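Colleague: Data file upload.cif (mmCIF, C-alpha atoms) is appended below.
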data_data
#
loop_
_atom_site.label_atom_id
_atom_site.label_comp_id
_atom_site.auth_asym_id
_atom_site.auth_seq_id
_atom_site.Cartn_x
_atom_site.Cartn_y
_atom_site.Cartn_z
CA MET B 1 57.94 167.79 99.52
CA LYS B 2 58.14 171.58 99.24
CA ARG B 3 58.40 172.82 102.82
CA VAL B 4 59.17 176.38 103.87
CA TYR B 5 60.58 177.59 107.16
CA ILE B 6 60.55 181.35 107.84
CA GLU B 7 61.96 183.55 110.60
CA THR B 8 60.81 187.14 110.99
CA TYR B 9 62.93 190.04 112.24
CA GLY B 10 61.83 193.61 112.87
CA CYS B 11 58.52 195.44 113.02
CA GLN B 12 54.90 194.35 112.75
CA MET B 13 55.00 195.24 109.07
CA ASN B 14 57.53 192.45 108.66
CA VAL B 15 55.20 190.11 110.56
CA ALA B 16 52.50 190.98 108.03
CA ASP B 17 54.92 190.52 105.13
CA SER B 18 55.85 187.07 106.42
CA GLY B 19 52.17 186.22 106.29
CA LEU B 20 52.05 187.53 102.74
CA ILE B 21 55.10 185.43 101.78
CA LEU B 22 53.53 182.28 103.22
CA ASN B 23 50.27 183.05 101.44
CA VAL B 24 52.10 183.23 98.09
CA LEU B 25 54.15 180.09 98.74
CA GLU B 26 51.19 178.05 99.96
CA GLY B 27 49.44 178.96 96.73
CA ALA B 28 52.41 177.42 94.92
CA GLY B 29 52.16 174.14 96.82
CA TYR B 30 54.46 174.76 99.79
CA THR B 31 53.61 173.64 103.30
CA VAL B 32 54.87 175.47 106.38
CA THR B 33 57.18 173.70 108.80
CA GLU B 34 58.51 174.80 112.19
CA ASP B 35 61.39 172.34 111.86
CA VAL B 36 64.19 174.09 109.99
CA SER B 37 65.95 170.79 109.29
CA ALA B 38 62.86 169.52 107.41
CA ALA B 39 62.59 172.55 105.12
CA SER B 40 63.52 172.68 101.45
CA LEU B 41 63.32 176.49 101.57
CA VAL B 42 64.55 178.61 104.49
CA LEU B 43 63.80 182.35 104.47
CA LEU B 44 64.75 185.09 106.90
CA ASN B 45 62.44 188.09 106.52
CA THR B 46 64.52 191.01 107.68
CA CYS B 47 64.72 194.58 108.95
CA ALA B 48 67.30 197.24 108.12
CA VAL B 49 66.33 200.01 110.54
CA ARG B 50 69.14 199.17 113.00
CA GLU B 51 72.64 197.85 112.42
CA ARG B 52 72.22 195.39 115.26
CA ALA B 53 69.27 193.73 113.51
CA GLU B 54 71.39 193.18 110.39
CA GLU B 55 74.21 191.70 112.48
CA ARG B 56 71.77 189.23 114.08
CA VAL B 57 70.54 188.13 110.67
CA ALA B 58 74.08 187.70 109.32
CA ALA B 59 75.01 185.54 112.32
CA ARG B 60 71.87 183.44 111.87
CA ILE B 61 72.60 182.92 108.14
CA ARG B 62 76.11 181.68 108.97
CA GLN B 63 74.57 179.24 111.43
CA LEU B 64 71.95 178.01 108.94
CA SER B 65 74.59 177.67 106.21
CA ARG B 66 75.80 174.53 107.94
CA LEU B 67 72.57 172.83 106.85
CA LYS B 68 73.67 173.16 103.24
CA GLN B 69 76.66 170.92 103.96
CA VAL B 70 74.28 167.99 104.47
CA ARG B 71 71.42 169.38 102.35
CA PRO B 72 72.96 170.81 99.15
CA ASP B 73 69.45 171.10 97.63
CA LEU B 74 68.34 173.50 100.38
CA VAL B 75 67.50 177.02 99.16
CA LEU B 76 68.58 179.64 101.71
CA GLY B 77 67.32 183.18 101.27
CA ILE B 78 66.90 186.62 102.82
CA THR B 79 63.83 188.71 102.08
CA GLY B 80 62.75 192.20 103.02
CA CYS B 81 64.57 195.40 103.89
CA MET B 82 68.06 194.10 104.66
CA PRO B 83 68.86 192.78 101.14
CA LYS B 84 67.28 195.88 99.59
CA HIS B 85 69.42 198.07 101.84
CA LEU B 86 72.74 196.23 101.41
CA GLY B 87 72.25 195.11 97.81
CA ALA B 88 73.56 192.15 95.84
CA GLY B 89 76.98 192.56 97.49
CA LEU B 90 75.48 190.88 100.55
CA ARG B 91 76.38 187.57 98.89
CA ASP B 92 80.07 188.48 99.13
CA ARG B 93 79.64 188.69 102.88
CA LEU B 94 77.36 185.63 103.08
CA PRO B 95 78.34 183.42 100.10
CA ARG B 96 76.04 180.55 101.07
CA LEU B 97 72.99 182.66 100.28
CA ASP B 98 70.98 181.47 97.28
CA LEU B 99 68.26 184.13 97.18
CA LEU B 100 67.95 187.87 97.87
CA ILE B 101 64.42 189.28 97.60
CA GLY B 102 63.23 192.85 98.20
CA PRO B 103 59.83 193.92 99.63
CA ASP B 104 58.22 194.36 96.19
CA SER B 105 59.18 190.92 94.81
CA TYR B 106 57.09 188.57 96.95
CA ARG B 107 54.51 187.84 94.27
CA ARG B 108 57.30 186.32 92.10
CA LEU B 109 58.74 184.24 94.93
CA PRO B 110 57.82 180.74 93.61
CA GLU B 111 59.59 181.27 90.29
CA LEU B 112 62.53 182.99 91.97
CA VAL B 113 62.96 180.05 94.34
CA GLU B 114 63.08 177.70 91.36
CA GLN B 115 65.81 179.83 89.81
CA ALA B 116 67.71 179.93 93.10
CA ALA B 117 67.78 176.14 93.21
CA GLU B 118 69.93 176.31 90.06
CA ARG B 119 71.93 179.52 90.57
CA PRO B 120 72.12 182.48 92.97
CA THR B 121 69.14 184.76 92.34
CA VAL B 122 68.64 188.42 93.21
CA ASP B 123 65.47 190.52 92.76
CA LEU B 124 65.64 193.84 94.59
CA LYS B 125 63.68 196.09 92.24
CA LEU B 126 61.16 198.52 93.69
CA ASP B 127 57.77 198.45 91.97
CA THR B 128 55.75 201.68 92.04
CA GLU B 129 52.51 199.74 91.38
CA GLU B 130 52.84 196.69 93.65
CA ASP B 131 50.68 196.88 96.79
CA TYR B 132 49.57 193.20 97.15
CA SER B 133 46.03 194.48 97.68
CA ASP B 134 44.45 191.41 96.06
CA LEU B 135 46.08 188.94 98.48
CA ASP B 136 44.47 187.90 101.77
CA PRO B 137 46.53 188.09 104.97
CA ILE B 138 47.49 185.08 107.04
CA ALA B 139 49.58 187.15 109.46
CA ILE B 140 47.42 186.10 112.40
CA GLU B 141 48.91 185.49 115.82
CA GLY B 142 46.31 184.05 118.15
CA VAL B 143 43.39 186.48 118.10
CA ASN B 144 45.46 189.29 116.53
CA ALA B 145 45.66 190.08 112.80
CA PHE B 146 48.17 192.49 111.25
CA ILE B 147 46.96 194.13 108.04
CA PRO B 148 48.99 196.65 106.02
CA ILE B 149 46.87 199.50 104.68
CA MET B 150 49.77 201.19 102.90
CA ARG B 151 53.36 200.51 101.91
CA GLY B 152 56.42 202.74 101.67
CA CYS B 153 57.08 206.22 103.03
CA ASP B 154 57.36 209.75 101.64
CA ARG B 155 58.84 211.46 104.71
CA PHE B 156 62.62 210.93 104.14
CA CYS B 157 63.75 211.57 107.70
CA THR B 158 67.52 211.92 107.52
CA PHE B 159 68.28 208.85 109.66
CA CYS B 160 65.81 206.40 108.09
CA VAL B 161 66.25 203.82 105.31
CA VAL B 162 62.56 202.95 104.91
CA PRO B 163 61.93 205.11 101.80
CA LEU B 164 65.07 203.55 100.30
CA THR B 165 64.09 199.96 101.06
CA ARG B 166 60.30 200.12 100.66
CA GLY B 167 59.85 202.95 98.18
CA ARG B 168 57.22 205.69 98.10
CA GLU B 169 53.80 205.60 99.75
CA LYS B 170 51.09 203.42 98.21
CA SER B 171 47.71 203.22 99.97
CA LEU B 172 45.49 200.18 99.41
CA PRO B 173 41.89 200.66 98.23
CA LEU B 174 39.49 200.75 101.18
CA GLU B 175 37.44 197.87 99.79
CA ASP B 176 40.56 195.65 99.65
CA VAL B 177 41.46 196.47 103.25
CA LEU B 178 37.92 195.59 104.33
CA ARG B 179 38.03 192.34 102.38
CA GLN B 180 41.23 191.42 104.22
CA VAL B 181 39.66 192.34 107.56
CA HIS B 182 36.68 190.08 106.83
CA SER B 183 39.09 187.29 105.85
CA ALA B 184 41.01 187.71 109.11
CA VAL B 185 37.79 187.58 111.17
CA GLU B 186 36.76 184.39 109.37
CA ARG B 187 40.10 182.90 110.49
CA GLY B 188 39.43 183.75 114.13
CA ALA B 189 40.92 187.22 114.55
CA LYS B 190 39.25 189.47 117.11
CA GLN B 191 41.71 192.36 117.07
CA ILE B 192 42.91 194.12 113.92
CA THR B 193 46.13 196.13 113.84
CA LEU B 194 46.37 198.39 110.80
CA LEU B 195 49.94 198.89 109.60
CA GLY B 196 51.87 201.49 107.66
CA GLN B 197 55.20 203.29 107.85
CA THR B 198 53.15 206.49 108.31
CA VAL B 199 49.81 204.80 108.78
CA ASN B 200 47.79 207.97 109.38
CA SER B 201 48.80 209.43 106.01
CA TYR B 202 46.54 206.81 104.39
CA ARG B 203 44.61 208.24 101.46
CA HIS B 204 43.01 206.40 98.54
CA GLU B 205 40.77 208.36 96.20
CA ASP B 206 38.29 210.15 98.50
CA HIS B 207 39.00 207.96 101.54
CA ARG B 208 41.19 209.26 104.37
CA PHE B 209 42.54 207.50 107.46
CA VAL B 210 39.53 208.52 109.57
CA ASP B 211 37.19 206.96 106.99
CA LEU B 212 39.14 203.71 107.04
CA LEU B 213 39.12 203.54 110.84
CA ARG B 214 35.35 204.00 110.92
CA ALA B 215 34.78 201.29 108.29
CA VAL B 216 37.06 198.72 109.93
CA ALA B 217 35.57 199.31 113.38
CA ARG B 218 32.11 198.49 112.02
CA VAL B 219 33.05 195.07 110.63
CA ASP B 220 31.08 192.36 112.46
CA GLY B 221 33.30 190.25 114.68
CA VAL B 222 35.99 192.91 115.22
CA LEU B 223 36.27 193.62 118.93
CA ARG B 224 39.27 195.94 118.81
CA VAL B 225 41.18 198.03 116.28
CA ARG B 226 44.70 199.40 116.73
CA TYR B 227 47.15 201.04 114.32
CA THR B 228 50.87 201.71 114.03
CA SER B 229 52.97 203.67 113.33
CA PRO B 230 51.55 207.14 112.74
CA HIS B 231 53.55 210.30 112.03
CA PRO B 232 52.80 213.34 114.23
CA SER B 233 52.50 215.63 111.19
CA HIS B 234 49.69 213.62 109.56
CA PHE B 235 47.11 213.52 112.36
CA GLU B 236 43.70 215.15 112.14
CA GLU B 237 41.75 215.95 115.29
CA ALA B 238 38.83 214.07 113.71
CA VAL B 239 40.77 210.83 114.30
CA TYR B 240 40.90 211.42 118.06
CA ALA B 241 37.22 212.38 118.13
CA LEU B 242 36.32 209.16 116.29
CA MET B 243 38.45 207.09 118.68
CA ALA B 244 36.53 208.59 121.58
CA GLU B 245 33.22 207.81 119.85
CA LEU B 246 33.71 204.18 118.79
CA PRO B 247 34.55 201.64 121.54
CA GLN B 248 36.21 199.28 119.04
CA LEU B 249 38.98 201.86 118.43
CA CYS B 250 41.52 201.31 121.19
CA PRO B 251 42.66 204.42 123.08
CA GLN B 252 46.31 203.70 122.32
CA ILE B 253 48.60 205.79 120.13
CA HIS B 254 52.25 205.19 119.30
CA LEU B 255 53.54 208.69 118.58
CA PRO B 256 57.25 208.74 117.62
CA LEU B 257 58.92 211.86 119.02
CA GLN B 258 62.58 210.89 118.27
CA SER B 259 64.01 213.93 120.13
CA GLY B 260 62.87 216.74 122.38
CA SER B 261 65.33 219.23 120.90
CA ASP B 262 64.12 221.52 118.12
CA ALA B 263 67.64 221.65 116.67
CA VAL B 264 67.85 217.87 116.48
CA LEU B 265 64.30 217.52 115.14
CA SER B 266 65.20 219.99 112.39
CA ALA B 267 68.39 218.06 111.59
CA MET B 268 66.31 214.87 111.42
CA LYS B 269 63.81 216.60 109.07
CA ARG B 270 60.91 215.41 111.20
CA GLY B 271 58.60 218.23 110.12
CA TYR B 272 57.54 219.47 113.59
CA HIS B 273 59.10 221.05 116.66
CA ALA B 274 58.73 220.04 120.30
CA GLY B 275 56.09 222.66 121.08
CA GLU B 276 53.85 221.39 118.27
CA PHE B 277 54.27 217.84 119.53
CA LEU B 278 53.33 218.88 123.09
CA ARG B 279 50.22 220.66 121.83
CA GLN B 280 49.20 217.57 119.91
CA VAL B 281 49.52 215.47 123.07
CA GLU B 282 47.22 217.97 124.81
CA VAL B 283 44.61 217.54 122.04
CA ILE B 284 44.88 213.75 122.22
CA ARG B 285 44.40 213.67 125.99
CA ARG B 286 41.49 216.10 125.78
CA HIS B 287 39.63 213.64 123.55
CA LEU B 288 41.08 210.47 125.14
CA PRO B 289 41.87 211.01 128.84
CA GLU B 290 42.73 207.31 129.34
CA VAL B 291 44.95 207.05 126.24
CA GLY B 292 48.07 204.90 126.36
CA LEU B 293 50.87 206.85 124.71
CA SER B 294 54.14 205.29 123.57
CA THR B 295 57.00 206.71 121.54
CA ASP B 296 60.35 206.15 119.82
CA MET B 297 63.43 208.09 120.92
CA ILE B 298 66.94 208.33 119.48
CA VAL B 299 69.86 209.59 121.56
CA GLY B 300 73.24 210.62 120.19
CA PHE B 301 72.02 211.85 116.81
CA PRO B 302 74.77 213.73 114.91
CA GLY B 303 75.31 217.16 116.44
CA GLU B 304 73.28 216.43 119.61
CA THR B 305 74.72 218.52 122.44
CA GLU B 306 74.25 218.03 126.17
CA ALA B 307 71.76 220.90 126.07
CA ASP B 308 69.82 219.13 123.30
CA PHE B 309 69.69 215.97 125.37
CA GLU B 310 68.51 217.91 128.44
CA GLU B 311 65.64 219.21 126.27
CA THR B 312 64.75 215.60 125.41
CA LEU B 313 64.66 214.71 129.11
CA ARG B 314 62.50 217.77 129.83
CA VAL B 315 59.97 216.98 127.09
CA MET B 316 59.83 213.30 128.02
CA ALA B 317 59.18 214.21 131.66
CA ALA B 318 56.49 216.71 130.63
CA ILE B 319 54.60 214.27 128.39
CA GLU B 320 54.92 211.14 130.57
CA PHE B 321 54.66 208.43 127.93
CA ASP B 322 53.32 205.12 129.21
CA SER B 323 56.16 203.28 127.46
CA ALA B 324 58.97 203.97 125.01
CA PHE B 325 61.30 202.29 122.55
CA LEU B 326 64.71 203.83 123.23
CA PHE B 327 67.68 203.68 120.85
CA ARG B 328 71.20 204.92 120.36
CA TYR B 329 71.66 206.51 116.96
CA SER B 330 72.72 203.90 114.40
CA PRO B 331 74.12 205.22 111.08
CA ARG B 332 72.42 203.64 108.07
CA SER B 333 74.22 203.66 104.74
CA GLY B 334 72.50 205.56 101.96
CA THR B 335 70.67 207.96 104.27
CA TYR B 336 71.03 211.74 104.21
CA ALA B 337 72.51 211.63 107.72
CA VAL B 338 75.36 209.35 106.66
CA ARG B 339 76.12 211.51 103.62
CA HIS B 340 75.87 214.93 105.28
CA GLN B 341 75.80 214.62 109.10
CA PRO B 342 78.96 213.10 110.63
CA ASP B 343 78.36 210.68 113.51
CA ASP B 344 80.18 212.92 116.00
CA VAL B 345 78.71 211.88 119.35
CA PRO B 346 81.11 209.45 121.08
CA LEU B 347 79.78 205.97 121.81
CA GLU B 348 80.32 206.35 125.56
CA VAL B 349 78.29 209.58 125.53
CA LYS B 350 75.46 207.88 123.63
CA ALA B 351 75.49 205.01 126.15
CA ALA B 352 75.39 207.36 129.14
CA ARG B 353 72.52 209.36 127.66
CA LEU B 354 70.59 206.21 126.88
CA ASP B 355 71.03 205.02 130.48
CA ARG B 356 69.65 208.31 131.78
CA LEU B 357 66.69 208.15 129.41
CA ILE B 358 65.94 204.58 130.43
CA ALA B 359 66.02 205.53 134.10
CA LEU B 360 63.59 208.39 133.50
CA GLN B 361 61.21 206.24 131.46
CA GLU B 362 61.25 203.45 134.04
CA GLU B 363 60.22 205.94 136.70
CA VAL B 364 57.50 207.45 134.52
CA SER B 365 56.16 204.07 133.36
CA ALA B 366 55.89 202.84 136.95
CA ARG B 367 53.90 205.95 137.84
CA ARG B 368 51.63 205.70 134.78
CA TYR B 369 50.89 202.01 135.37
CA ALA B 370 50.22 202.64 139.07
CA LEU B 371 47.31 204.91 138.10
CA LEU B 372 45.32 201.75 137.29
CA ARG B 373 45.86 200.15 140.69
CA GLU B 374 42.60 199.22 142.42
CA ARG B 375 40.67 199.91 139.24
CA GLU B 376 38.66 197.57 137.03
CA VAL B 377 39.81 197.30 133.40
CA GLU B 378 38.53 195.53 130.31
CA VAL B 379 40.98 193.03 128.82
CA LEU B 380 40.96 191.10 125.55
CA VAL B 381 41.92 187.54 126.52
CA GLU B 382 44.80 186.72 124.16
CA GLY B 383 46.18 183.48 125.56
CA ILE B 384 47.58 181.49 128.47
CA SER B 385 50.72 182.65 130.24
CA ARG B 386 53.88 180.80 129.19
CA ARG B 387 55.10 180.92 132.80
CA ASN B 388 51.97 179.63 134.56
CA ASP B 389 49.04 177.93 132.86
CA ALA B 390 46.77 179.06 135.70
CA HIS B 391 47.13 182.61 134.35
CA ALA B 392 45.88 184.28 131.21
CA VAL B 393 47.46 187.22 129.38
CA GLY B 394 45.82 190.07 127.53
CA LYS B 395 45.90 193.81 127.01
CA THR B 396 43.81 196.73 128.07
CA GLY B 397 42.39 199.00 125.41
CA CYS B 398 45.21 201.44 126.18
CA GLY B 399 47.76 198.74 125.36
CA LYS B 400 49.00 197.65 128.78
CA THR B 401 49.74 193.97 129.38
CA VAL B 402 47.60 192.33 132.08
CA ILE B 403 48.14 188.99 133.82
CA PHE B 404 44.99 187.57 135.40
CA PRO B 405 43.55 184.19 136.49
CA ALA B 406 42.70 181.96 133.54
CA GLY B 407 39.16 180.79 132.88
CA ALA B 408 37.60 183.12 130.35
CA GLU B 409 37.48 182.04 126.71
CA ILE B 410 40.35 183.26 124.55
CA GLY B 411 39.17 186.01 122.21
CA THR B 412 36.59 187.43 124.59
CA LEU B 413 36.55 190.65 126.60
CA GLN B 414 36.78 190.29 130.37
CA ARG B 415 36.75 192.79 133.21
CA VAL B 416 39.38 192.31 135.91
CA ARG B 417 40.47 194.32 138.95
CA ILE B 418 44.08 195.46 139.06
CA VAL B 419 45.72 195.04 142.47
CA ARG B 420 49.45 195.39 141.68
CA THR B 421 51.45 197.15 139.02
CA THR B 422 55.02 197.35 137.78
CA SER B 423 56.55 199.62 135.14
CA HIS B 424 55.57 197.10 132.44
CA THR B 425 52.69 194.94 133.67
CA LEU B 426 49.32 195.06 135.42
CA LEU B 427 48.57 192.20 137.82
CA ALA B 428 44.93 191.36 138.48
CA ASP B 429 43.42 190.04 141.67
CA GLY B 430 44.57 186.46 142.16
CA VAL B 431 48.07 186.87 140.67
CA THR B 432 51.08 187.38 142.97
CA PRO B 433 54.22 189.31 141.97
CA GLU B 434 56.34 186.16 142.30
CA GLU B 435 54.19 184.38 139.72
CA ALA B 436 54.40 187.14 137.12
CA ARG B 437 57.92 188.23 136.32
CA GLU B 438 57.91 191.17 133.98
CA PRO B 439 59.77 191.70 130.67
CA GLU B 440 62.61 194.16 130.32
CA LEU B 441 61.95 197.66 129.02
CA GLU B 442 61.77 197.51 125.23
CA LEU B 443 64.94 199.08 123.90
CA GLU B 444 67.84 198.43 121.58
CA VAL B 445 71.44 199.25 122.40
#
Reformat the file's structure so that it appears as structure tokens.

Modeller:
Amino acid sequence: MKRVYIETYGCQMNVADSGLILNVLEGAGYTVTEDVSAASLVLLNTCAVRERAEERVAARIRQLSRLKQVRPDLVLGITGCMPKHLGAGLRDRLPRLDLLIGPDSYRRLPELVEQAAERPTVDLKLDTEEDYSDLDPIAIEGVNAFIPIMRGCDRFCTFCVVPLTRGREKSLPLEDVLRQVHSAVERGAKQITLLGQTVNSYRHEDHRFVDLLRAVARVDGVLRVRYTSPHPSHFEEAVYALMAELPQLCPQIHLPLQSGSDAVLSAMKRGYHAGEFLRQVEVIRRHLPEVGLSTDMIVGFPGETEADFEETLRVMAAIEFDSAFLFRYSPRSGTYAVRHQPDDVPLEVKAARLDRLIALQEEVSARRYALLREREVEVLVEGISRRNDAHAVGKTGCGKTVIFPAGAEIGTLQRVRIVRTTSHTLLADGVTPEEAREPELELEV
């Protein structure tokens, strides 16, 4: 029996790519198993954005390699950004690997797996034409579907490996995106998340991102539409106006700032300065007063001074993001930063700055979430709580997690009254704080 077991690391784009991989393999006669010991093919679909993510994958491969001692026919492989980033030399570090596959090689996976059963196989070529637009997604988690509308990135921020691992931007035809949305709805999806490295730079022929949003929102059966991750330099005010007009478009925007210092933003080659970013936030909130804003921030970037970091704290405090993904700078081989910008901020300084940023964001998040106390919100019922089956879990349109008494059908919209809040969670009437422990702030150290 051809059985595949897959683990996914990294962003939602990788979640979608895992669905794509399974789609291709199922077409070649594979069945999916959640029991790694029963698999004939084990794949780890990986991320290369942070060093820590690569270390986790390497440790997991060493652990899985033990299976090959009792199952010499097992094919063990890594797909995605990590092998593309580190190259074929990854096998020197992890000699039990049979297969290294880059993001543009998934269509050839069945034949590559056959080769890997005989000899180590590597396919890391970037393909300027491959966009997988003719394949339907099966990256559906509960009522949520993740659909890439573009692949690659043209921005070349100095710290980022994405253009190196995923190549240049390729937008899918609008009709292919809509076909995939219809397919996802037929499989039970109620919420569509549109994906791209710079998702709002989508452009195919005469269709822009705003056109795509309008078309997806009008598909029968779609209750909610989200997107991630946009780039601040690619937004048009027409997008915010459309989000205010169509109720299916969730008032949630992930807007990566990365730093509040103009000097650091310039060194990162982000293409905007802090004042421009602040003005864009003003435009967003003028159109979408209830918007949920989140961001990415990097501390300790090469050359960042204490004054630069104080500017980051000032801008973060001024904007008041609802939530944030907070990181210490992690050098990535092959990037402009590694070649030209020495990693000169000591580790202990990075750690101290990250702690201060976390403390600020915790305070701000608690205040932002508290604004919804004693208010009624609309929630998409996404599932039953893992901690208490008397509770359901879902999200508001602005992206905040809500815990509320179970009873409504999964995949429907329900209105609940918020009575308690934390810095991460909204608790509806009927749920006590003791019954709903919250997750940690999302960060990577």

Colleague: Once the PyMOL selection byres ((chain B and resi 34) around 10) has been applied to the shown file, what residues remain in the selection, as an MDAnalysis selection string?

Modeller: chainID B and resid 3:7 32:33 35:39

Colleague: Now that the selection is made, can you save its residues with C-alpha atoms as a short mmCIF file (atom, residue, chain, number, x, y, z; two decimals), keeping the file's coordinate frame?

Modeller:
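Output contents, as saved in selection_25.cif:
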data_model
loop_
_atom_site.label_atom_id
_atom_site.label_comp_id
_atom_site.auth_asym_id
_atom_site.auth_seq_id
_atom_site.Cartn_x
_atom_site.Cartn_y
_atom_site.Cartn_z
CA ARG B 3 58.40 172.82 102.82
CA VAL B 4 59.17 176.38 103.87
CA TYR B 5 60.58 177.59 107.16
CA ILE B 6 60.55 181.35 107.84
CA GLU B 7 61.96 183.55 110.60
CA VAL B 32 54.87 175.47 106.38
CA THR B 33 57.18 173.70 108.80
CA ASP B 35 61.39 172.34 111.86
CA VAL B 36 64.19 174.09 109.99
CA SER B 37 65.95 170.79 109.29
CA ALA B 38 62.86 169.52 107.41
CA ALA B 39 62.59 172.55 105.12
#

Colleague: So which residues touch Val349 in chain B within 10 Å, counting all atoms listed in the file, skipping near sequence neighbours fewer than 3 positions away, as number ranges by chain?

Modeller: B: 299-300, 306, 328, 345-346, 352-355

Colleague: Need the shell around Leu76 in chain B: protein/DNA/RNA residues with any atom at most 7 Å away, counting only C-alpha atoms. Skip same-chain ones fewer than 2 positions apart. Format as a ChimeraX atom specification?

Modeller: /B:41-43,74,97-99

Colleague: Which residues are close to range 184-192 of chain B, i.e. within 10 Å by all atoms listed in the file, leaving aside same-chain residues fewer than 5 positions away? Reply as number ranges by chain.

Modeller: B: 136-147, 178-179, 216-217, 219-227, 248-250, 380-382, 410-413

Colleague: Any chance you could export the current selection's C-alpha atoms as a PDB file, keeping the file's coordinate frame?

Modeller:
ATOM      1  CA  ASP B 136      44.470 187.900 101.770  1.00  0.00           C
ATOM      2  CA  PRO B 137      46.530 188.090 104.970  1.00  0.00           C
ATOM      3  CA  ILE B 138      47.490 185.080 107.040  1.00  0.00           C
ATOM      4  CA  ALA B 139      49.580 187.150 109.460  1.00  0.00           C
ATOM      5  CA  ILE B 140      47.420 186.100 112.400  1.00  0.00           C
ATOM      6  CA  GLU B 141      48.910 185.490 115.820  1.00  0.00           C
ATOM      7  CA  GLY B 142      46.310 184.050 118.150  1.00  0.00           C
ATOM      8  CA  VAL B 143      43.390 186.480 118.100  1.00  0.00           C
ATOM      9  CA  ASN B 144      45.460 189.290 116.530  1.00  0.00           C
ATOM     10  CA  ALA B 145      45.660 190.080 112.800  1.00  0.00           C
ATOM     11  CA  PHE B 146      48.170 192.490 111.250  1.00  0.00           C
ATOM     12  CA  ILE B 147      46.960 194.130 108.040  1.00  0.00           C
ATOM     13  CA  LEU B 178      37.920 195.590 104.330  1.00  0.00           C
ATOM     14  CA  ARG B 179      38.030 192.340 102.380  1.00  0.00           C
ATOM     15  CA  VAL B 216      37.060 198.720 109.930  1.00  0.00           C
ATOM     16  CA  ALA B 217      35.570 199.310 113.380  1.00  0.00           C
ATOM     17  CA  VAL B 219      33.050 195.070 110.630  1.00  0.00           C
ATOM     18  CA  ASP B 220      31.080 192.360 112.460  1.00  0.00           C
ATOM     19  CA  GLY B 221      33.300 190.250 114.680  1.00  0.00           C
ATOM     20  CA  VAL B 222      35.990 192.910 115.220  1.00  0.00           C
ATOM     21  CA  LEU B 223      36.270 193.620 118.930  1.00  0.00           C
ATOM     22  CA  ARG B 224      39.270 195.940 118.810  1.00  0.00           C
ATOM     23  CA  VAL B 225      41.180 198.030 116.280  1.00  0.00           C
ATOM     24  CA  ARG B 226      44.700 199.400 116.730  1.00  0.00           C
ATOM     25  CA  TYR B 227      47.150 201.040 114.320  1.00  0.00           C
ATOM     26  CA  GLN B 248      36.210 199.280 119.040  1.00  0.00           C
ATOM     27  CA  LEU B 249      38.980 201.860 118.430  1.00  0.00           C
ATOM     28  CA  CYS B 250      41.520 201.310 121.190  1.00  0.00           C
ATOM     29  CA  LEU B 380      40.960 191.100 125.550  1.00  0.00           C
ATOM     30  CA  VAL B 381      41.920 187.540 126.520  1.00  0.00           C
ATOM     31  CA  GLU B 382      44.800 186.720 124.160  1.00  0.00           C
ATOM     32  CA  ILE B 410      40.350 183.260 124.550  1.00  0.00           C
ATOM     33  CA  GLY B 411      39.170 186.010 122.210  1.00  0.00           C
ATOM     34  CA  THR B 412      36.590 187.430 124.590  1.00  0.00           C
ATOM     35  CA  LEU B 413      36.550 190.650 126.600  1.00  0.00           C
TER      36      LEU B 413
END

Colleague: Ranking B:Pro83, B:Cys160, B:Leu172, B:Lys125 by minimum distance to Ser333 in chain B and counting all atoms listed in the file, which one comes first?

Modeller: B:Cys160

Colleague: I need the output of the PyMOL selection byres ((chain B and resi 233) around 10) for this file as an MDAnalysis selection string; which residues are they?

Modeller: chainID B and resid 155 198 200:201 230:232 234:236 270:272 276:277 280

Colleague: In Å to one decimal, how far is CA of Gly397 in chain B from CA of Cys153 in chain B?

Modeller: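 Pair CA of Cys153 in chain B / CA of Gly397 in chain B returns 27.7 Å.
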
Colleague: For the atom pair CA of Leu126 in chain B and CA of Gly167 in chain B, what is the interatomic distance in Å to one decimal place?

Modeller: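 Between CA of Leu126 in chain B and CA of Gly167 in chain B the gap is 6.4 Å.
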
Colleague: Considering all atoms listed in the file, state which residue in the set B:Met316, B:Leu213, B:Met13, B:Val24 is at the smallest distance from Tyr240 in chain B.

Modeller: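 Among the listed residues, the smallest separation from Tyr240 in chain B belongs to B:Leu213.
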